[in-house]
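Enquirer: So that you have it, the file is upload_14.cif, and it contains mmCIF, C-alpha atoms:
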```
data_my_file
#
loop_
_atom_site.label_atom_id
_atom_site.label_comp_id
_atom_site.auth_asym_id
_atom_site.auth_seq_id
_atom_site.Cartn_x
_atom_site.Cartn_y
_atom_site.Cartn_z
CA MET A 1 10.08 15.78 15.78
CA LYS A 2 13.73 15.28 14.92
CA LEU A 3 14.34 12.52 12.39
CA ASP A 4 17.47 10.36 12.49
CA ILE A 5 18.77 10.84 8.97
CA ASN A 6 21.48 8.24 9.58
CA LEU A 7 18.76 5.64 9.09
CA VAL A 8 18.46 6.69 5.44
CA LYS A 9 20.59 4.50 3.16
CA VAL A 10 21.03 6.34 -0.12
CA LEU A 11 21.77 4.17 -3.15
CA TYR A 12 21.80 6.91 -5.82
CA GLU A 13 21.34 10.65 -6.00
CA ASP A 14 21.62 13.44 -8.54
CA ASN A 15 19.82 16.74 -9.18
CA HIS A 16 16.55 15.07 -10.22
CA LEU A 17 16.39 11.74 -8.42
CA ILE A 18 17.20 9.98 -5.17
CA ALA A 19 16.98 6.23 -4.52
CA VAL A 20 17.17 4.68 -1.08
CA ASN A 21 17.18 1.19 0.41
CA LYS A 22 13.88 1.02 2.30
CA PRO A 23 13.97 -1.02 5.51
CA ALA A 24 11.27 -3.67 5.79
CA GLY A 25 8.46 -2.46 8.02
CA TRP A 26 8.68 1.21 7.00
CA LEU A 27 5.85 3.05 5.31
CA VAL A 28 6.70 4.78 2.04
CA HIS A 29 3.96 7.39 2.41
CA GLY A 30 1.84 8.44 5.38
CA ASP A 31 -1.34 6.56 6.24
CA ASP A 32 -3.91 6.21 9.04
CA THR A 33 -1.33 4.72 11.42
CA LYS A 34 0.34 8.15 11.71
CA ASP A 35 3.73 6.41 11.71
CA THR A 36 6.52 8.56 10.25
CA PRO A 37 6.93 7.50 6.60
CA LEU A 38 10.13 7.08 4.62
CA THR A 39 9.35 10.24 2.64
CA GLU A 40 9.84 12.39 5.76
CA PHE A 41 13.19 10.79 6.53
CA VAL A 42 14.39 11.34 2.95
CA LYS A 43 13.26 14.99 2.98
CA ALA A 44 15.16 15.53 6.22
CA TRP A 45 18.25 13.86 4.75
CA ILE A 46 18.16 16.13 1.67
CA LYS A 47 17.57 19.22 3.79
CA VAL A 48 20.59 18.53 6.00
CA LYS A 49 22.97 17.21 3.32
CA HIS A 50 22.31 20.08 0.90
CA LYS A 51 21.61 22.76 3.53
CA LYS A 52 18.25 23.54 1.96
CA PRO A 53 16.11 26.26 3.55
CA GLY A 54 12.34 25.87 3.59
CA ASN A 55 10.38 22.90 2.34
CA VAL A 56 11.98 20.10 0.34
CA PHE A 57 10.24 18.77 -2.79
CA LEU A 58 10.06 14.97 -2.91
CA GLY A 59 7.85 13.24 -5.45
CA VAL A 60 6.69 9.66 -4.84
CA ILE A 61 7.16 7.81 -8.14
CA HIS A 62 6.20 4.31 -6.98
CA ARG A 63 5.62 2.43 -3.75
CA ILE A 64 6.74 -0.72 -1.96
CA ASP A 65 4.51 -2.53 0.53
CA ARG A 66 5.26 -1.79 4.17
CA PRO A 67 6.66 -5.26 5.06
CA VAL A 68 8.89 -5.28 1.94
CA SER A 69 12.46 -3.95 1.78
CA GLY A 70 14.67 -2.62 -0.98
CA ALA A 71 15.27 -0.06 -3.69
CA ILE A 72 12.75 2.74 -4.11
CA LEU A 73 13.06 5.82 -6.28
CA PHE A 74 11.90 9.37 -5.52
CA ALA A 75 11.97 12.55 -7.60
CA LYS A 76 13.65 15.75 -6.37
CA THR A 77 12.14 17.89 -9.14
CA SER A 78 8.75 18.12 -10.85
CA LYS A 79 10.43 17.41 -14.20
CA GLY A 80 12.00 14.25 -12.81
CA LEU A 81 8.68 13.18 -11.34
CA ALA A 82 6.68 13.66 -14.54
CA ARG A 83 9.20 11.88 -16.75
CA MET A 84 9.69 8.95 -14.38
CA ASN A 85 5.94 8.59 -13.94
CA GLU A 86 5.71 8.23 -17.70
CA GLN A 87 8.35 5.48 -17.73
CA PHE A 88 6.55 3.54 -15.00
CA LYS A 89 3.25 3.99 -16.84
CA LYS A 90 4.80 2.59 -20.03
CA ARG A 91 6.35 -0.27 -18.00
CA SER A 92 9.78 0.53 -19.38
CA VAL A 93 11.35 0.43 -15.90
CA LYS A 94 12.93 -2.93 -15.05
CA LYS A 95 11.94 -4.04 -11.54
CA VAL A 96 13.69 -7.10 -10.11
CA TYR A 97 12.74 -8.56 -6.73
CA TRP A 98 14.21 -11.34 -4.62
CA ALA A 99 11.87 -13.50 -2.56
CA ILE A 100 12.46 -16.32 -0.09
CA THR A 101 9.91 -19.13 0.08
CA ASN A 102 9.87 -22.55 1.70
CA LYS A 103 8.52 -24.23 -1.41
CA SER A 104 9.69 -24.28 -5.01
CA PRO A 105 7.46 -23.94 -8.08
CA HIS A 106 7.12 -27.09 -10.18
CA ASP A 107 9.18 -25.42 -12.91
CA LEU A 108 12.38 -23.74 -11.72
CA SER A 109 11.80 -20.85 -14.14
CA GLY A 110 8.94 -19.50 -16.15
CA GLN A 111 6.26 -16.85 -16.36
CA LEU A 112 3.20 -16.48 -14.15
CA LYS A 113 0.14 -14.96 -15.74
CA HIS A 114 -2.98 -14.42 -13.65
CA PHE A 115 -5.68 -11.81 -13.14
CA ILE A 116 -5.83 -9.69 -9.99
CA LYS A 117 -8.40 -7.55 -8.24
CA LYS A 118 -7.69 -5.51 -5.12
CA ASP A 119 -9.97 -5.84 -2.11
CA PRO A 120 -9.53 -2.47 -0.33
CA LYS A 121 -11.56 -3.54 2.71
CA LYS A 122 -9.23 -6.45 3.47
CA ASN A 123 -6.14 -4.80 1.92
CA THR A 124 -5.46 -7.93 -0.09
CA SER A 125 -5.49 -8.87 -3.77
CA ASN A 126 -7.57 -11.71 -5.14
CA VAL A 127 -6.08 -13.86 -7.90
CA ILE A 128 -7.82 -15.92 -10.56
CA ASP A 129 -6.38 -17.97 -13.42
CA ARG A 130 -8.58 -16.52 -16.15
CA LYS A 131 -11.26 -13.94 -16.65
CA GLY A 132 -14.84 -14.76 -17.47
CA LYS A 133 -18.13 -12.94 -17.88
CA ASN A 134 -18.51 -12.43 -14.14
CA ASN A 135 -15.02 -11.14 -13.29
CA THR A 136 -14.19 -8.57 -15.95
CA THR A 137 -12.88 -6.10 -13.33
CA TYR A 138 -9.77 -8.22 -12.78
CA LYS A 139 -6.54 -6.93 -14.37
CA GLU A 140 -3.78 -8.97 -15.98
CA ALA A 141 -0.73 -9.64 -13.82
CA ARG A 142 2.48 -11.08 -15.27
CA LEU A 143 5.94 -11.79 -13.89
CA ASP A 144 8.96 -13.85 -14.89
CA TYR A 145 10.66 -15.89 -12.19
CA LYS A 146 13.54 -18.27 -11.65
CA VAL A 147 14.80 -20.15 -8.62
CA ILE A 148 18.40 -19.03 -8.11
CA GLY A 149 19.25 -20.60 -4.76
CA ARG A 150 18.31 -23.26 -2.21
CA LEU A 151 19.67 -23.52 1.32
CA ALA A 152 18.39 -24.99 4.60
CA GLY A 153 14.91 -25.61 3.25
CA HIS A 154 14.56 -22.13 1.80
CA PHE A 155 14.33 -21.19 -1.87
CA LEU A 156 15.56 -17.90 -3.31
CA MET A 157 13.54 -16.68 -6.27
CA GLU A 158 14.42 -13.83 -8.63
CA ILE A 159 11.38 -12.09 -10.06
CA ASN A 160 11.18 -9.70 -12.99
CA LEU A 161 7.94 -7.79 -12.47
CA LEU A 162 6.23 -7.16 -15.81
CA THR A 163 3.08 -5.46 -14.51
CA GLY A 164 2.56 -3.43 -11.36
CA ARG A 165 -0.57 -4.66 -9.60
CA SER A 166 -1.21 -4.23 -5.89
CA HIS A 167 0.56 -6.98 -3.87
CA GLN A 168 1.22 -8.69 -7.20
CA ILE A 169 4.28 -10.80 -6.34
CA ARG A 170 2.90 -11.77 -2.95
CA ALA A 171 -0.50 -12.70 -4.35
CA GLN A 172 0.77 -14.63 -7.36
CA LEU A 173 3.34 -16.63 -5.40
CA GLY A 174 0.72 -17.42 -2.79
CA HIS A 175 -1.69 -18.51 -5.53
CA ILE A 176 0.76 -21.15 -6.82
CA GLY A 177 1.46 -22.43 -3.30
CA CYS A 178 4.82 -20.71 -2.82
CA PRO A 179 4.05 -17.81 -0.44
CA VAL A 180 6.81 -15.41 0.59
CA LYS A 181 8.31 -16.27 3.97
CA GLY A 182 6.38 -14.50 6.73
CA ASP A 183 3.51 -13.41 4.46
CA LEU A 184 0.43 -14.56 6.38
CA LYS A 185 -1.91 -12.67 4.05
CA TYR A 186 -1.01 -14.93 1.16
CA GLY A 187 -0.60 -18.32 2.76
CA PHE A 188 2.63 -18.54 4.74
CA THR A 189 1.95 -20.40 7.98
CA LEU A 190 4.16 -18.50 10.44
CA PRO A 191 4.87 -14.76 10.79
CA ASN A 192 8.35 -13.31 10.95
CA PRO A 193 9.07 -12.02 14.49
CA ASP A 194 9.13 -8.39 13.30
CA ALA A 195 6.03 -8.76 11.06
CA THR A 196 8.09 -8.16 7.90
CA ILE A 197 8.27 -10.55 4.94
CA HIS A 198 11.22 -11.83 2.93
CA LEU A 199 10.59 -9.88 -0.26
CA HIS A 200 13.21 -7.38 -1.42
CA SER A 201 13.25 -4.84 -4.26
CA ARG A 202 16.68 -5.81 -5.58
CA VAL A 203 17.19 -3.86 -8.83
CA LEU A 204 15.68 -0.85 -10.58
CA GLU A 205 16.83 -0.07 -14.12
CA PHE A 206 15.58 2.94 -16.10
CA ASP A 207 16.56 5.77 -18.42
CA HIS A 208 17.57 8.94 -16.62
CA PRO A 209 14.79 11.54 -17.07
CA THR A 210 17.09 14.21 -18.53
CA THR A 211 20.35 12.61 -19.71
CA LYS A 212 18.66 9.41 -21.02
CA GLU A 213 21.59 7.45 -19.58
CA LYS A 214 20.74 3.90 -18.49
CA ILE A 215 20.75 3.83 -14.67
CA THR A 216 20.93 0.58 -12.69
CA ILE A 217 20.38 0.64 -8.94
CA THR A 218 21.00 -2.44 -6.79
CA ALA A 219 19.90 -2.60 -3.15
CA PRO A 220 21.97 -4.69 -0.71
CA LEU A 221 20.02 -7.38 1.13
CA PRO A 222 18.79 -6.77 4.68
CA LYS A 223 20.86 -8.20 7.50
CA ASP A 224 19.07 -11.13 9.08
CA GLN A 225 19.64 -14.85 9.55
CA ILE A 226 17.60 -15.94 6.53
CA TRP A 227 18.82 -13.36 4.00
CA ASP A 228 22.37 -14.04 5.20
CA LEU A 229 22.07 -17.58 3.84
CA PHE A 230 22.13 -16.16 0.33
CA LYS A 231 24.84 -13.51 0.62
#
```
Let me see whether you can do it: turn the structure in this file into structure tokens.
Expert:
Amino acid sequence: MKLDINLVKVLYEDNHLIAVNKPAGWLVHGDDTKDTPLTEFVKAWIKVKHKKPGNVFLGVIHRIDRPVSGAILFAKTSKGLARMNEQFKKRSVKKVYWAITNKSPHDLSGQLKHFIKKDPKKNTSNVIDRKGKNNTTYKEARLDYKVIGRLAGHFLMEINLLTGRSHQIRAQLGHIGCPVKGDLKYGFTLPNPDATIHLHSRVLEFDHPTTKEKITITAPLPKDQIWDLFK
């Protein structure tokens, strides 16, 4: 199968890393659907751009949910992969998301702290306010948020993700009654026509794995009628 590498929007690249702007609706890594994942497109892009013979190494450092768009970082070398994995493990990578909701939190800024447990059968995450004797398997989930825009009945929230739980932003915003637009799993009432949701990985900030230079990557917003309100 020939992959259209023009669909790959590269935000940053050097010898060790490559960051791209993932379209909403694309898989990061292969799954049971057998749909071609983003990793295959990025490998094809590297192979053509750098005229690489044979297989291309591409390490998956982190993931973004399929219906979510935005900045995602891959490793081009094993050294880059190991060192970036360590940064993500230590939570020293800054991850900023933008989300559109149709409701605003009571406070326009603050921190959400809950406890989350993934339900693999339903592919959802359950959220509780506090742990007790009967729910010790839940893990702490924290994020900082602020409402940074309001237009036509939509609210734009900026989220600094402090922990990295499965579906964390989606589940926590749904739990407080402010689900992401289009996110039926977590309480939004209507789907988006293309089954995506209005959650975007806006900024990644980290130390380069070899030079230690501070790298900031910003992903442009998708082009659609709702995101366009906030451009």
Enquirer: Asn6 in chain A: which residues within 12 Å, counting only C-alpha atoms, same-chain residues fewer than 6 positions away excluded, as a list in words?
Expert: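 Here the answer would be Phe41, Val42, Ala44, Trp45, Ile46, Val48 and Lys49 of chain A.
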Enquirer: Suppose you want the space between CA of Thr218 in chain A and CA of Val93 in chain A; what is it in Å?
Expert: 13.6 Å
Enquirer: Could the residues of range 93-177 of chain A that have an atom at most 9 Å from range 56-79 of chain A be listed as CSV, each with its closest atom pair and the distance in Å to one decimal, counting all atoms listed in the file and ordered by chain and ascending residue number?
Expert:
```
residue,atom,partner,partner_atom,distance
A:Tyr97,CA,A:Gly70,CA,8.5
A:Ser166,CA,A:Asp65,CA,8.8
A:His167,CA,A:Asp65,CA,7.4
```
Enquirer: One number please: CA of Lys90 in chain A to CA of Lys212 in chain A, in Å, one decimal.
Expert: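 Distance between the two atoms: 15.5 Å.
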Enquirer: Mind giving me the straight-line distance from CA of Asp129 in chain A to CA of Leu108 in chain A in Å, one decimal?
Expert: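 Separation between CA of Asp129 in chain A and CA of Leu108 in chain A: 19.7 Å.
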Enquirer: Excluding same-chain residues fewer than 5 positions from Phe88 in chain A, what lies within 12 Å of it counting all atoms listed in the file, as a list in words?
Expert: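 Listing them by chain and then by number gives Val60, Ile61, His62, Arg63, Leu73, Leu81, Ala82, Arg83, Val93, Lys94, Lys95, Leu161, Leu162, Thr163, Gly164, Leu204, Glu205, Phe206, Asp207 and Pro209 of chain A.
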Enquirer: When the PyMOL selection byres ((chain A and resi 182) around 12) is applied to the structure above, which residues does it catch, written out as a PyMOL selection string?
Expert: chain A and resi 24+67-68+99-102+170+174+178-181+183-199+226
Enquirer: Could you give me, as an MDAnalysis selection string, the residues within 8 Å of range 147-149 of chain A, counting all atoms listed in the file and dropping anything in the same chain fewer than 3 positions from it?
Expert: chainID A and resid 104 108:109 155:158 230
Enquirer: Which residues, written as a list in words, have at least one atom at most 8 Å from Leu221 in chain A, with only C-alpha atoms counted and residues fewer than 2 positions away on the same chain left out?
Expert: Gly70, His200, Arg202, Ala219, Lys223, Trp227 and Lys231 of chain A
Enquirer: Those residues with C-alpha atoms, as a PDB file, keeping the file's coordinate frame please?
Expert:
```
ATOM      1  CA  GLY A  70      14.670  -2.620  -0.980  1.00  0.00           C
ATOM      2  CA  HIS A 200      13.210  -7.380  -1.420  1.00  0.00           C
ATOM      3  CA  ARG A 202      16.680  -5.810  -5.580  1.00  0.00           C
ATOM      4  CA  ALA A 219      19.900  -2.600  -3.150  1.00  0.00           C
ATOM      5  CA  LYS A 223      20.860  -8.200   7.500  1.00  0.00           C
ATOM      6  CA  TRP A 227      18.820 -13.360   4.000  1.00  0.00           C
ATOM      7  CA  LYS A 231      24.840 -13.510   0.620  1.00  0.00           C
TER       8      LYS A 231
END
```
Enquirer: Build an axis-aligned box that encloses every atom of range 62-77 of chain A listed in the file, pad it by 3 Å on each side, and report its centre and edge lengths in Å to one decimal, as AutoDock Vina command-line options.
Expert:
```
--center_x 9.9 --center_y 6.3 --center_z -2.0 --size_x 16.8 --size_y 29.2 --size_z 20.2
```
Enquirer: When distances are computed from all atoms listed in the file, which of A:Leu229, A:Ile215, A:Ile169, A:Ala141 shows the smallest separation from Tyr12 in chain A?
Expert: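 Among A:Leu229, A:Ile215, A:Ile169, A:Ala141, it is A:Ile215 that comes nearest to Tyr12 in chain A.
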Enquirer: Suppose a student applies the PyMOL selection byres ((chain A and resi 128) around 12) to this structure; what residues should they get, written as a list in words?
Expert: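 So the PyMOL selection byres ((chain A and resi 128) around 12) ends up selecting Leu112, Lys113, His114, Phe115, Ile116, Lys117, Lys118, Ser125, Asn126, Val127, Asp129, Arg130, Lys131, Gly132, Asn134, Asn135, Thr136, Thr137, Tyr138, Lys139, Glu140, Ala141, Ala171, Gln172, Gly174, His175 and Ile176 of chain A.
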Enquirer: Take the residues just selected and output them with C-alpha atoms as a PDB file, in the frame of the given file.
Expert:
```
ATOM      1  CA  LEU A 112       3.200 -16.480 -14.150  1.00  0.00           C
ATOM      2  CA  LYS A 113       0.140 -14.960 -15.740  1.00  0.00           C
ATOM      3  CA  HIS A 114      -2.980 -14.420 -13.650  1.00  0.00           C
ATOM      4  CA  PHE A 115      -5.680 -11.810 -13.140  1.00  0.00           C
ATOM      5  CA  ILE A 116      -5.830  -9.690  -9.990  1.00  0.00           C
ATOM      6  CA  LYS A 117      -8.400  -7.550  -8.240  1.00  0.00           C
ATOM      7  CA  LYS A 118      -7.690  -5.510  -5.120  1.00  0.00           C
ATOM      8  CA  SER A 125      -5.490  -8.870  -3.770  1.00  0.00           C
ATOM      9  CA  ASN A 126      -7.570 -11.710  -5.140  1.00  0.00           C
ATOM     10  CA  VAL A 127      -6.080 -13.860  -7.900  1.00  0.00           C
ATOM     11  CA  ASP A 129      -6.380 -17.970 -13.420  1.00  0.00           C
ATOM     12  CA  ARG A 130      -8.580 -16.520 -16.150  1.00  0.00           C
ATOM     13  CA  LYS A 131     -11.260 -13.940 -16.650  1.00  0.00           C
ATOM     14  CA  GLY A 132     -14.840 -14.760 -17.470  1.00  0.00           C
ATOM     15  CA  ASN A 134     -18.510 -12.430 -14.140  1.00  0.00           C
ATOM     16  CA  ASN A 135     -15.020 -11.140 -13.290  1.00  0.00           C
ATOM     17  CA  THR A 136     -14.190  -8.570 -15.950  1.00  0.00           C
ATOM     18  CA  THR A 137     -12.880  -6.100 -13.330  1.00  0.00           C
ATOM     19  CA  TYR A 138      -9.770  -8.220 -12.780  1.00  0.00           C
ATOM     20  CA  LYS A 139      -6.540  -6.930 -14.370  1.00  0.00           C
ATOM     21  CA  GLU A 140      -3.780  -8.970 -15.980  1.00  0.00           C
ATOM     22  CA  ALA A 141      -0.730  -9.640 -13.820  1.00  0.00           C
ATOM     23  CA  ALA A 171      -0.500 -12.700  -4.350  1.00  0.00           C
ATOM     24  CA  GLN A 172       0.770 -14.630  -7.360  1.00  0.00           C
ATOM     25  CA  GLY A 174       0.720 -17.420  -2.790  1.00  0.00           C
ATOM     26  CA  HIS A 175      -1.690 -18.510  -5.530  1.00  0.00           C
ATOM     27  CA  ILE A 176       0.760 -21.150  -6.820  1.00  0.00           C
TER      28      ILE A 176
END
```
Enquirer: Given the file above and the PyMOL selection byres ((chain A and resi 111) around 6), which residues are selected, and can you give them as a ChimeraX atom specification?
Expert: /A:110,112,143-144
